[in-house]
Amino acid sequence: MADTAFHAAAHARSQAGSHSLRKRLLWFVLLAILLVAVLQAVTAYRSALRQADTMLDEHLQQVARSMHDSAPRGGPGDHEGDTADFELNVQIWGPDGRQLFRSRRSTLPPLAVLGFSDVEANGSRYRVYSLQTPSQTVQIAQDLSARASRAQALALKAVIPFALLTPLLMLAVWWVINRSLAPIERARRELALRAADDFSSLSGHDLPDEVRPLVSELNLLFGRVRDAFEVQQHFVADAAHELRSPLTALKLQAQALRSPNRDAASHDENIAQLNQGIDRAIHLVEQLLTLAREEASAGHPAVPEDRVDLQDIIKLAVSDTLAQAARKHIDLGLEGQVSAAAAQVAGQPEALRTMLRNLLDNAIKYTPDGGQVDVSLWLQPASSVSPASCRLTVEDSGPGIAGEDRARVFDRFFRASHVALTPGLSGSGLGLAIVDVIAKRHQASVALGASARLGGLQVDVVFPLASTPLTPKS
């Protein structure tokens, strides 16, 4: 219940913090288009108003000039004319101040200010233009409310294209964004419909350049997960096969103990065999768990800042196997030690201790009673082709490993031919596999050969020194 609530809360937090790239793009782009369109429309509207005002002023000037050239010469009074069509009021005076012409219902004051002016008369405001010549003075006026209405009508015509084109532009942007993000949606649907054991690569066809690196990294992750999945499948299958035999043997030995017709000596022998079988099963399970732990950490190389003194690791591993060597009267010794400062490598102490303990365990197990097992540590100076390194060597006086088996002894559950043919020798076939995994994690190389000094197997593990930065292996 607690785990379910925790995962539900985590899912709720992730949903609360999630957002849609499509919605965000559409929101910002369409909002930007709308704001720009409104700004452009307002600017165009104001510009059109100014242009309309200028145009109407020019119209007043043109009417004044035409009136000066064709104004009637009759006496004062109201006259009809074309000026009614332009909503204009006209007054004309002679040089002596006598009114020569006045349009119908003109309410303008008799005094005129030359040029443009704004005049208020009978509650209305007018835009007035007065033109004076030696023969007469012409006054043209236009109601400002009617003038503003005409200017607004002209300005609105300038805004109409923005009102029509902006929705079309927003619709086009919406279509382009959805079209551009369609490959991402296809990739999402492909992932959603994929089976749990399908680790095939995603297609990068038509994906944007910004998303293609993410898909490439995701495909690489699929490859790593597929490899890990296959390793685990093989591991489970091999483990089930390897555990079946010792467990079956334990069952048979336990059934043999239930026989009432056995004497005390046979009973004690069966108990000893049962204990040996239990020890072998325990050792196999420990090796399986160790291998699984080391393989699970294979993608996490040792941190360069973790400096480990190999001499300390040798002392710990030797102390772990000293009792085993003493039972077989094997001379377990150290050779070729170097200074502590020179023997430092980057790694994990427990993993390195497990690796060396497995090497010593194999050497002691397959070395005859009274034999010899030596551990040595040598410093290899830097050369033109390789950096400085530290070589850890384990050699014994046992039968060694045949040349045709050396390429396969690092495989899990593989047993060399001399082990299978030698009575009393049994192993899980995991020791050197564990050594190989740990060595790769520490970017060390493992080589098998024949010991020229002791005549048995020689295992060399070459580590880069801690002063040499480690780089993760792919």
# chains A, B, ... in the order shown; residues from 1 in each chain; ligands from 1
$ select_by_dssp --residues "region 177-372 of chain A" --states "helix (DSSP H, G or I)" --output "ChimeraX atom specification"
/A:177-192,212-257,264-296,310-327,349-366
$ residues_around --residues "region 149-161 of chain A" --least-positions-apart "2" --cutoff "12 Å" --atoms "only C-alpha atoms" --output "mmCIF file with N, CA, C and O atoms, in the first residue's frame"
data_model
loop_
_atom_site.group_PDB
_atom_site.id
_atom_site.type_symbol
_atom_site.label_atom_id
_atom_site.label_comp_id
_atom_site.auth_asym_id
_atom_site.auth_seq_id
_atom_site.Cartn_x
_atom_site.Cartn_y
_atom_site.Cartn_z
ATOM 1 N N ALA A 37 -0.411 41.191 -35.046
ATOM 2 C CA ALA A 37 -1.512 41.620 -35.905
ATOM 3 C C ALA A 37 -2.278 42.790 -35.297
ATOM 4 O O ALA A 37 -2.639 43.753 -36.002
ATOM 5 N N VAL A 38 -2.527 42.739 -33.989
ATOM 6 C CA VAL A 38 -3.224 43.845 -33.320
ATOM 7 C C VAL A 38 -2.386 45.113 -33.388
ATOM 8 O O VAL A 38 -2.906 46.212 -33.667
ATOM 9 N N LEU A 39 -1.075 44.976 -33.128
ATOM 10 C CA LEU A 39 -0.201 46.136 -33.196
ATOM 11 C C LEU A 39 -0.172 46.718 -34.599
ATOM 12 O O LEU A 39 -0.260 47.947 -34.781
ATOM 13 N N GLN A 40 -0.068 45.862 -35.598
ATOM 14 C CA GLN A 40 -0.072 46.337 -36.982
ATOM 15 C C GLN A 40 -1.412 46.969 -37.337
ATOM 16 O O GLN A 40 -1.451 47.996 -38.043
ATOM 17 N N ALA A 41 -2.508 46.377 -36.867
ATOM 18 C CA ALA A 41 -3.825 46.942 -37.173
ATOM 19 C C ALA A 41 -3.991 48.311 -36.535
ATOM 20 O O ALA A 41 -4.521 49.247 -37.168
ATOM 21 N N VAL A 42 -3.554 48.442 -35.266
ATOM 22 C CA VAL A 42 -3.662 49.748 -34.602
ATOM 23 C C VAL A 42 -2.800 50.781 -35.315
ATOM 24 O O VAL A 42 -3.220 51.930 -35.547
ATOM 25 N N THR A 43 -1.581 50.367 -35.682
ATOM 26 C CA THR A 43 -0.702 51.291 -36.409
ATOM 27 C C THR A 43 -1.299 51.684 -37.748
ATOM 28 O O THR A 43 -1.280 52.866 -38.137
ATOM 29 N N ALA A 44 -1.821 50.700 -38.478
ATOM 30 C CA ALA A 44 -2.438 51.004 -39.774
ATOM 31 C C ALA A 44 -3.671 51.885 -39.609
ATOM 32 O O ALA A 44 -3.918 52.786 -40.428
ATOM 33 N N TYR A 45 -4.442 51.649 -38.555
ATOM 34 C CA TYR A 45 -5.646 52.448 -38.322
ATOM 35 C C TYR A 45 -5.275 53.902 -38.055
ATOM 36 O O TYR A 45 -5.869 54.842 -38.632
ATOM 37 N N ARG A 46 -4.285 54.099 -37.192
ATOM 38 C CA ARG A 46 -3.877 55.476 -36.888
ATOM 39 C C ARG A 46 -3.253 56.147 -38.114
ATOM 40 O O ARG A 46 -3.503 57.340 -38.364
ATOM 41 N N SER A 47 -2.455 55.406 -38.851
ATOM 42 C CA SER A 47 -1.869 55.978 -40.062
ATOM 43 C C SER A 47 -2.949 56.325 -41.078
ATOM 44 O O SER A 47 -2.880 57.383 -41.737
ATOM 45 N N ALA A 48 -3.950 55.458 -41.201
ATOM 46 C CA ALA A 48 -5.043 55.747 -42.134
ATOM 47 C C ALA A 48 -5.836 56.967 -41.693
ATOM 48 O O ALA A 48 -6.300 57.762 -42.533
ATOM 49 N N LEU A 49 -6.016 57.146 -40.387
ATOM 50 C CA LEU A 49 -6.720 58.338 -39.896
ATOM 51 C C LEU A 49 -5.941 59.597 -40.270
ATOM 52 O O LEU A 49 -6.537 60.600 -40.716
ATOM 53 N N ARG A 50 -4.613 59.556 -40.079
ATOM 54 C CA ARG A 50 -3.811 60.731 -40.430
ATOM 55 C C ARG A 50 -3.860 60.997 -41.932
ATOM 56 O O ARG A 50 -3.986 62.157 -42.369
ATOM 57 N N GLN A 51 -3.785 59.960 -42.720
ATOM 58 C CA GLN A 51 -3.848 60.145 -44.163
ATOM 59 C C GLN A 51 -5.216 60.666 -44.602
ATOM 60 O O GLN A 51 -5.305 61.523 -45.501
ATOM 61 N N ALA A 52 -6.279 60.134 -43.964
ATOM 62 C CA ALA A 52 -7.623 60.619 -44.297
ATOM 63 C C ALA A 52 -7.787 62.077 -43.915
ATOM 64 O O ALA A 52 -8.410 62.873 -44.649
ATOM 65 N N ASP A 53 -7.244 62.464 -42.753
ATOM 66 C CA ASP A 53 -7.338 63.866 -42.325
ATOM 67 C C ASP A 53 -6.602 64.774 -43.309
ATOM 68 O O ASP A 53 -7.105 65.848 -43.700
ATOM 69 N N THR A 54 -5.410 64.336 -43.727
ATOM 70 C CA THR A 54 -4.650 65.119 -44.710
ATOM 71 C C THR A 54 -5.396 65.204 -46.038
ATOM 72 O O THR A 54 -5.450 66.263 -46.684
ATOM 73 N N MET A 55 -5.970 64.072 -46.436
ATOM 74 C CA MET A 55 -6.703 64.052 -47.698
ATOM 75 C C MET A 55 -7.923 64.975 -47.656
ATOM 76 O O MET A 55 -8.215 65.710 -48.630
ATOM 77 N N LEU A 56 -8.646 64.995 -46.546
ATOM 78 C CA LEU A 56 -9.828 65.855 -46.425
ATOM 79 C C LEU A 56 -9.428 67.323 -46.381
ATOM 80 O O LEU A 56 -10.164 68.195 -46.904
ATOM 81 N N ASP A 57 -8.272 67.610 -45.749
ATOM 82 C CA ASP A 57 -7.791 68.998 -45.773
ATOM 83 C C ASP A 57 -7.460 69.425 -47.206
ATOM 84 O O ASP A 57 -7.782 70.554 -47.627
ATOM 85 N N PHE A 86 -20.839 67.209 -50.566
ATOM 86 C CA PHE A 86 -19.616 67.011 -49.792
ATOM 87 C C PHE A 86 -19.782 67.402 -48.327
ATOM 88 O O PHE A 86 -18.798 67.493 -47.619
ATOM 89 N N GLU A 87 -21.040 67.711 -47.901
ATOM 90 C CA GLU A 87 -21.306 68.143 -46.527
ATOM 91 C C GLU A 87 -20.442 69.337 -46.172
ATOM 92 O O GLU A 87 -19.849 69.393 -45.092
ATOM 93 N N GLN A 142 -16.288 72.194 -42.911
ATOM 94 C CA GLN A 142 -16.810 70.816 -42.897
ATOM 95 C C GLN A 142 -17.054 70.404 -41.463
ATOM 96 O O GLN A 142 -16.209 70.621 -40.586
ATOM 97 N N ASP A 143 -18.203 69.788 -41.218
ATOM 98 C CA ASP A 143 -18.545 69.319 -39.871
ATOM 99 C C ASP A 143 -17.540 68.253 -39.435
ATOM 100 O O ASP A 143 -17.305 67.265 -40.140
ATOM 101 N N LEU A 144 -16.933 68.485 -38.254
ATOM 102 C CA LEU A 144 -15.891 67.559 -37.789
ATOM 103 C C LEU A 144 -16.431 66.167 -37.486
ATOM 104 O O LEU A 144 -15.720 65.171 -37.636
ATOM 105 N N SER A 145 -17.660 66.052 -37.039
ATOM 106 C CA SER A 145 -18.219 64.721 -36.755
ATOM 107 C C SER A 145 -18.384 63.927 -38.044
ATOM 108 O O SER A 145 -18.048 62.740 -38.109
ATOM 109 N N ALA A 146 -18.909 64.601 -39.085
ATOM 110 C CA ALA A 146 -19.031 63.920 -40.377
ATOM 111 C C ALA A 146 -17.650 63.609 -40.942
ATOM 112 O O ALA A 146 -17.424 62.556 -41.540
ATOM 113 N N ARG A 147 -16.717 64.527 -40.746
ATOM 114 C CA ARG A 147 -15.356 64.323 -41.224
ATOM 115 C C ARG A 147 -14.708 63.132 -40.510
ATOM 116 O O ARG A 147 -14.041 62.302 -41.138
ATOM 117 N N ALA A 163 -7.708 41.865 -40.328
ATOM 118 C CA ALA A 163 -8.739 41.053 -39.681
ATOM 119 C C ALA A 163 -9.016 39.772 -40.457
ATOM 120 O O ALA A 163 -9.378 38.751 -39.868
ATOM 121 N N LEU A 164 -8.850 39.831 -41.779
ATOM 122 C CA LEU A 164 -9.106 38.643 -42.587
ATOM 123 C C LEU A 164 -7.896 37.718 -42.651
ATOM 124 O O LEU A 164 -8.041 36.490 -42.625
ATOM 125 N N LEU A 165 -6.689 38.308 -42.749
ATOM 126 C CA LEU A 165 -5.494 37.487 -42.941
ATOM 127 C C LEU A 165 -4.963 36.874 -41.648
ATOM 128 O O LEU A 165 -4.336 35.819 -41.676
ATOM 129 N N THR A 166 -5.183 37.539 -40.504
ATOM 130 C CA THR A 166 -4.650 37.016 -39.235
ATOM 131 C C THR A 166 -5.200 35.636 -38.898
ATOM 132 O O THR A 166 -4.425 34.720 -38.579
ATOM 133 N N PRO A 167 -6.516 35.374 -38.964
ATOM 134 C CA PRO A 167 -6.994 33.999 -38.702
ATOM 135 C C PRO A 167 -6.429 32.984 -39.697
ATOM 136 O O PRO A 167 -6.110 31.846 -39.316
ATOM 137 N N LEU A 168 -6.300 33.403 -40.979
ATOM 138 C CA LEU A 168 -5.737 32.482 -41.957
ATOM 139 C C LEU A 168 -4.277 32.168 -41.628
ATOM 140 O O LEU A 168 -3.830 31.015 -41.753
ATOM 141 N N LEU A 169 -3.512 33.182 -41.211
ATOM 142 C CA LEU A 169 -2.122 32.956 -40.832
ATOM 143 C C LEU A 169 -2.021 32.055 -39.608
ATOM 144 O O LEU A 169 -1.170 31.150 -39.549
#
$ residues_around --residues "region 452-460 of chain A" --least-positions-apart "6" --cutoff "7 Å" --atoms "only C-alpha atoms" --output "PyMOL selection string"
chain A and resi 391-401+446
$ select_by_dssp --residues "region 30-193 of chain A" --states "strand (DSSP E or B)" --output "MDAnalysis selection string"
chainID A and resid 78:79 88:93 99:103 115:121 124:132 137:143
$ closest_residue --among "A:Val236, A:Leu220, A:Leu181, A:Ala256" --to "Leu25 (chain A)" --atoms "only C-alpha atoms"
A:Leu181
$ closest_residue --among "A:Gln344, A:Thr137, A:Leu221, A:Asp96" --to "Val113 (chain A)" --atoms "only C-alpha atoms"
A:Thr137
$ residues_around --residues "Lys251 (chain A)" --least-positions-apart "3" --cutoff "12 Å" --atoms "only C-alpha atoms" --output "ChimeraX atom specification"
/A:244-248,254-258,270,273-274,277-278
$ write_last_selection --atoms "C-alpha atoms" --output "PDB file, in the first residue's frame"
ATOM      1  CA  ARG A 244      19.762 -28.726 -10.624  1.00  0.00           C
ATOM      2  CA  SER A 245      22.619 -31.238 -10.281  1.00  0.00           C
ATOM      3  CA  PRO A 246      23.885 -30.291  -6.774  1.00  0.00           C
ATOM      4  CA  LEU A 247      20.362 -29.980  -5.433  1.00  0.00           C
ATOM      5  CA  THR A 248      19.439 -33.375  -6.859  1.00  0.00           C
ATOM      6  CA  ALA A 254      19.333 -36.919   2.333  1.00  0.00           C
ATOM      7  CA  GLN A 255      17.226 -39.918   1.262  1.00  0.00           C
ATOM      8  CA  ALA A 256      20.204 -42.213   1.828  1.00  0.00           C
ATOM      9  CA  LEU A 257      20.440 -40.995   5.423  1.00  0.00           C
ATOM     10  CA  ARG A 258      16.896 -42.222   6.043  1.00  0.00           C
ATOM     11  CA  ASN A 270      26.777 -40.011   4.103  1.00  0.00           C
ATOM     12  CA  GLN A 273      29.073 -36.256   1.674  1.00  0.00           C
ATOM     13  CA  LEU A 274      25.931 -34.292   2.478  1.00  0.00           C
ATOM     14  CA  GLY A 277      27.349 -31.162  -1.200  1.00  0.00           C
ATOM     15  CA  ILE A 278      25.903 -28.360   0.906  1.00  0.00           C
TER      16      ILE A 278
END
$ atom_distance --atom1 "CA of Gln372 (chain A)" --atom2 "CA of Leu352 (chain A)"
22.5 Å
$ residues_around --residues "Arg327 (chain A)" --least-positions-apart "2" --cutoff "12 Å" --atoms "only C-alpha atoms" --output "list in words"
Thr321, Leu322, Ala323, Gln324, Ala325, His329, Ile330, Asp331, Leu332, Ile364, Lys365, Pro368, Asp369, Gly370 and Gly371 of chain A
$ write_last_selection --atoms "N, CA, C and O atoms" --output "short mmCIF file (atom, residue, chain, number, x, y, z; two decimals), in the first residue's frame"
data_model
loop_
_atom_site.label_atom_id
_atom_site.label_comp_id
_atom_site.auth_asym_id
_atom_site.auth_seq_id
_atom_site.Cartn_x
_atom_site.Cartn_y
_atom_site.Cartn_z
N THR A 321 42.50 -16.70 2.05
CA THR A 321 42.75 -18.06 1.52
C THR A 321 43.88 -18.79 2.22
O THR A 321 44.24 -19.91 1.82
N LEU A 322 44.43 -18.18 3.25
CA LEU A 322 45.57 -18.80 3.93
C LEU A 322 45.19 -20.13 4.58
O LEU A 322 45.95 -21.12 4.51
N ALA A 323 44.03 -20.19 5.20
CA ALA A 323 43.61 -21.44 5.86
C ALA A 323 43.39 -22.53 4.82
O ALA A 323 43.74 -23.71 5.04
N GLN A 324 42.82 -22.20 3.66
CA GLN A 324 42.62 -23.18 2.59
C GLN A 324 43.96 -23.72 2.09
O GLN A 324 44.10 -24.92 1.86
N ALA A 325 44.95 -22.83 1.95
CA ALA A 325 46.28 -23.29 1.51
C ALA A 325 46.95 -24.15 2.58
O ALA A 325 47.64 -25.13 2.26
N HIS A 329 48.81 -27.88 2.64
CA HIS A 329 50.25 -27.70 2.83
C HIS A 329 50.87 -27.00 1.62
O HIS A 329 51.96 -27.39 1.14
N ILE A 330 50.18 -26.00 1.11
CA ILE A 330 50.66 -25.23 -0.04
C ILE A 330 51.37 -23.99 0.46
O ILE A 330 50.91 -23.29 1.37
N ASP A 331 52.52 -23.74 -0.12
CA ASP A 331 53.31 -22.56 0.23
C ASP A 331 52.73 -21.36 -0.52
O ASP A 331 52.91 -21.21 -1.74
N LEU A 332 52.03 -20.50 0.22
CA LEU A 332 51.41 -19.31 -0.36
C LEU A 332 52.26 -18.10 0.02
O LEU A 332 52.38 -17.77 1.21
N ILE A 364 44.91 -22.49 -5.56
CA ILE A 364 45.05 -23.43 -4.44
C ILE A 364 44.27 -24.71 -4.71
O ILE A 364 44.73 -25.83 -4.42
N LYS A 365 43.08 -24.58 -5.30
CA LYS A 365 42.23 -25.74 -5.53
C LYS A 365 42.88 -26.73 -6.49
O LYS A 365 42.82 -27.95 -6.28
N PRO A 368 48.43 -29.37 -6.51
CA PRO A 368 48.53 -30.57 -5.64
C PRO A 368 49.02 -30.22 -4.24
O PRO A 368 49.62 -29.16 -4.01
N ASP A 369 48.75 -31.13 -3.32
CA ASP A 369 49.21 -30.93 -1.94
C ASP A 369 50.72 -30.75 -1.91
O ASP A 369 51.48 -31.45 -2.61
N GLY A 370 51.16 -29.81 -1.07
CA GLY A 370 52.58 -29.53 -0.95
C GLY A 370 53.11 -28.66 -2.06
O GLY A 370 54.34 -28.47 -2.15
N GLY A 371 52.24 -28.11 -2.90
CA GLY A 371 52.68 -27.28 -4.02
C GLY A 371 52.96 -25.85 -3.58
O GLY A 371 53.13 -25.54 -2.39
#
$ decode --residues "region 367-395 of chain A" --atoms "N, CA, C and O atoms" --output "mmCIF file, in the first residue's frame"
data_model
loop_
_atom_site.group_PDB
_atom_site.id
_atom_site.type_symbol
_atom_site.label_atom_id
_atom_site.label_comp_id
_atom_site.auth_asym_id
_atom_site.auth_seq_id
_atom_site.Cartn_x
_atom_site.Cartn_y
_atom_site.Cartn_z
ATOM 1 N N THR A 367 46.155 -26.861 -7.387
ATOM 2 C CA THR A 367 47.565 -27.177 -7.107
ATOM 3 C C THR A 367 47.628 -28.395 -6.184
ATOM 4 O O THR A 367 46.933 -28.449 -5.164
ATOM 5 N N PRO A 368 48.432 -29.372 -6.506
ATOM 6 C CA PRO A 368 48.526 -30.572 -5.643
ATOM 7 C C PRO A 368 49.025 -30.219 -4.238
ATOM 8 O O PRO A 368 49.625 -29.163 -4.009
ATOM 9 N N ASP A 369 48.753 -31.129 -3.316
ATOM 10 C CA ASP A 369 49.209 -30.935 -1.940
ATOM 11 C C ASP A 369 50.722 -30.753 -1.911
ATOM 12 O O ASP A 369 51.475 -31.450 -2.608
ATOM 13 N N GLY A 370 51.157 -29.811 -1.071
ATOM 14 C CA GLY A 370 52.577 -29.530 -0.946
ATOM 15 C C GLY A 370 53.112 -28.658 -2.060
ATOM 16 O O GLY A 370 54.337 -28.468 -2.149
ATOM 17 N N GLY A 371 52.244 -28.112 -2.905
ATOM 18 C CA GLY A 371 52.681 -27.277 -4.018
ATOM 19 C C GLY A 371 52.962 -25.848 -3.581
ATOM 20 O O GLY A 371 53.132 -25.538 -2.390
ATOM 21 N N GLN A 372 53.011 -24.949 -4.558
ATOM 22 C CA GLN A 372 53.389 -23.565 -4.277
ATOM 23 C C GLN A 372 52.510 -22.630 -5.107
ATOM 24 O O GLN A 372 52.239 -22.870 -6.282
ATOM 25 N N VAL A 373 52.083 -21.529 -4.468
ATOM 26 C CA VAL A 373 51.313 -20.464 -5.125
ATOM 27 C C VAL A 373 51.949 -19.137 -4.727
ATOM 28 O O VAL A 373 52.141 -18.873 -3.531
ATOM 29 N N ASP A 374 52.315 -18.344 -5.706
ATOM 30 C CA ASP A 374 52.963 -17.055 -5.435
ATOM 31 C C ASP A 374 52.139 -15.918 -6.040
ATOM 32 O O ASP A 374 51.569 -16.048 -7.137
ATOM 33 N N VAL A 375 52.113 -14.803 -5.309
ATOM 34 C CA VAL A 375 51.482 -13.564 -5.778
ATOM 35 C C VAL A 375 52.576 -12.518 -5.853
ATOM 36 O O VAL A 375 53.348 -12.336 -4.899
ATOM 37 N N SER A 376 52.643 -11.819 -6.977
ATOM 38 C CA SER A 376 53.669 -10.797 -7.140
ATOM 39 C C SER A 376 53.048 -9.537 -7.727
ATOM 40 O O SER A 376 52.001 -9.585 -8.389
ATOM 41 N N LEU A 377 53.705 -8.415 -7.449
ATOM 42 C CA LEU A 377 53.231 -7.109 -7.907
ATOM 43 C C LEU A 377 54.419 -6.368 -8.508
ATOM 44 O O LEU A 377 55.445 -6.186 -7.845
ATOM 45 N N TRP A 378 54.280 -5.948 -9.758
ATOM 46 C CA TRP A 378 55.385 -5.314 -10.462
ATOM 47 C C TRP A 378 54.910 -4.010 -11.075
ATOM 48 O O TRP A 378 53.768 -3.885 -11.525
ATOM 49 N N LEU A 379 55.805 -3.045 -11.097
ATOM 50 C CA LEU A 379 55.523 -1.751 -11.728
ATOM 51 C C LEU A 379 56.095 -1.747 -13.134
ATOM 52 O O LEU A 379 57.277 -2.064 -13.336
ATOM 53 N N GLN A 380 55.264 -1.407 -14.107
ATOM 54 C CA GLN A 380 55.687 -1.323 -15.495
ATOM 55 C C GLN A 380 55.745 0.143 -15.905
ATOM 56 O O GLN A 380 54.709 0.811 -15.968
ATOM 57 N N PRO A 381 56.925 0.693 -16.140
ATOM 58 C CA PRO A 381 57.027 2.119 -16.473
ATOM 59 C C PRO A 381 56.379 2.422 -17.826
ATOM 60 O O PRO A 381 56.147 1.543 -18.649
ATOM 61 N N ALA A 382 56.091 3.701 -18.016
ATOM 62 C CA ALA A 382 55.468 4.143 -19.254
ATOM 63 C C ALA A 382 56.439 3.995 -20.421
ATOM 64 O O ALA A 382 57.656 4.099 -20.264
ATOM 65 N N SER A 383 55.876 3.726 -21.582
ATOM 66 C CA SER A 383 56.671 3.613 -22.804
ATOM 67 C C SER A 383 56.009 4.434 -23.896
ATOM 68 O O SER A 383 54.989 5.102 -23.667
ATOM 69 N N SER A 384 56.576 4.375 -25.081
ATOM 70 C CA SER A 384 56.025 5.155 -26.183
ATOM 71 C C SER A 384 54.681 4.631 -26.657
ATOM 72 O O SER A 384 53.930 5.344 -27.326
ATOM 73 N N VAL A 385 54.346 3.397 -26.306
ATOM 74 C CA VAL A 385 53.096 2.794 -26.777
ATOM 75 C C VAL A 385 52.088 2.553 -25.665
ATOM 76 O O VAL A 385 50.928 2.267 -25.941
ATOM 77 N N SER A 386 52.490 2.678 -24.411
ATOM 78 C CA SER A 386 51.560 2.393 -23.311
ATOM 79 C C SER A 386 51.928 3.245 -22.100
ATOM 80 O O SER A 386 53.107 3.519 -21.860
ATOM 81 N N PRO A 387 50.921 3.646 -21.318
ATOM 82 C CA PRO A 387 51.200 4.417 -20.103
ATOM 83 C C PRO A 387 51.710 3.516 -18.978
ATOM 84 O O PRO A 387 51.740 2.286 -19.097
ATOM 85 N N ALA A 388 52.111 4.128 -17.890
ATOM 86 C CA ALA A 388 52.585 3.370 -16.728
ATOM 87 C C ALA A 388 51.455 2.504 -16.181
ATOM 88 O O ALA A 388 50.292 2.898 -16.171
ATOM 89 N N SER A 389 51.808 1.301 -15.728
ATOM 90 C CA SER A 389 50.803 0.362 -15.243
ATOM 91 C C SER A 389 51.393 -0.480 -14.125
ATOM 92 O O SER A 389 52.600 -0.440 -13.848
ATOM 93 N N CYS A 390 50.506 -1.253 -13.496
ATOM 94 C CA CYS A 390 50.904 -2.128 -12.397
ATOM 95 C C CYS A 390 50.438 -3.543 -12.738
ATOM 96 O O CYS A 390 49.268 -3.755 -13.086
ATOM 97 N N ARG A 391 51.351 -4.522 -12.674
ATOM 98 C CA ARG A 391 51.040 -5.898 -13.074
ATOM 99 C C ARG A 391 50.957 -6.791 -11.838
ATOM 100 O O ARG A 391 51.921 -6.929 -11.080
ATOM 101 N N LEU A 392 49.777 -7.383 -11.666
ATOM 102 C CA LEU A 392 49.533 -8.331 -10.580
ATOM 103 C C LEU A 392 49.586 -9.741 -11.173
ATOM 104 O O LEU A 392 48.867 -10.043 -12.130
ATOM 105 N N THR A 393 50.431 -10.589 -10.596
ATOM 106 C CA THR A 393 50.645 -11.935 -11.146
ATOM 107 C C THR A 393 50.356 -12.980 -10.077
ATOM 108 O O THR A 393 50.805 -12.861 -8.932
ATOM 109 N N VAL A 394 49.586 -13.998 -10.463
ATOM 110 C CA VAL A 394 49.329 -15.167 -9.612
ATOM 111 C C VAL A 394 49.781 -16.389 -10.403
ATOM 112 O O VAL A 394 49.288 -16.644 -11.509
ATOM 113 N N GLU A 395 50.746 -17.148 -9.854
ATOM 114 C CA GLU A 395 51.238 -18.354 -10.536
ATOM 115 C C GLU A 395 51.299 -19.497 -9.537
ATOM 116 O O GLU A 395 51.453 -19.281 -8.325
#
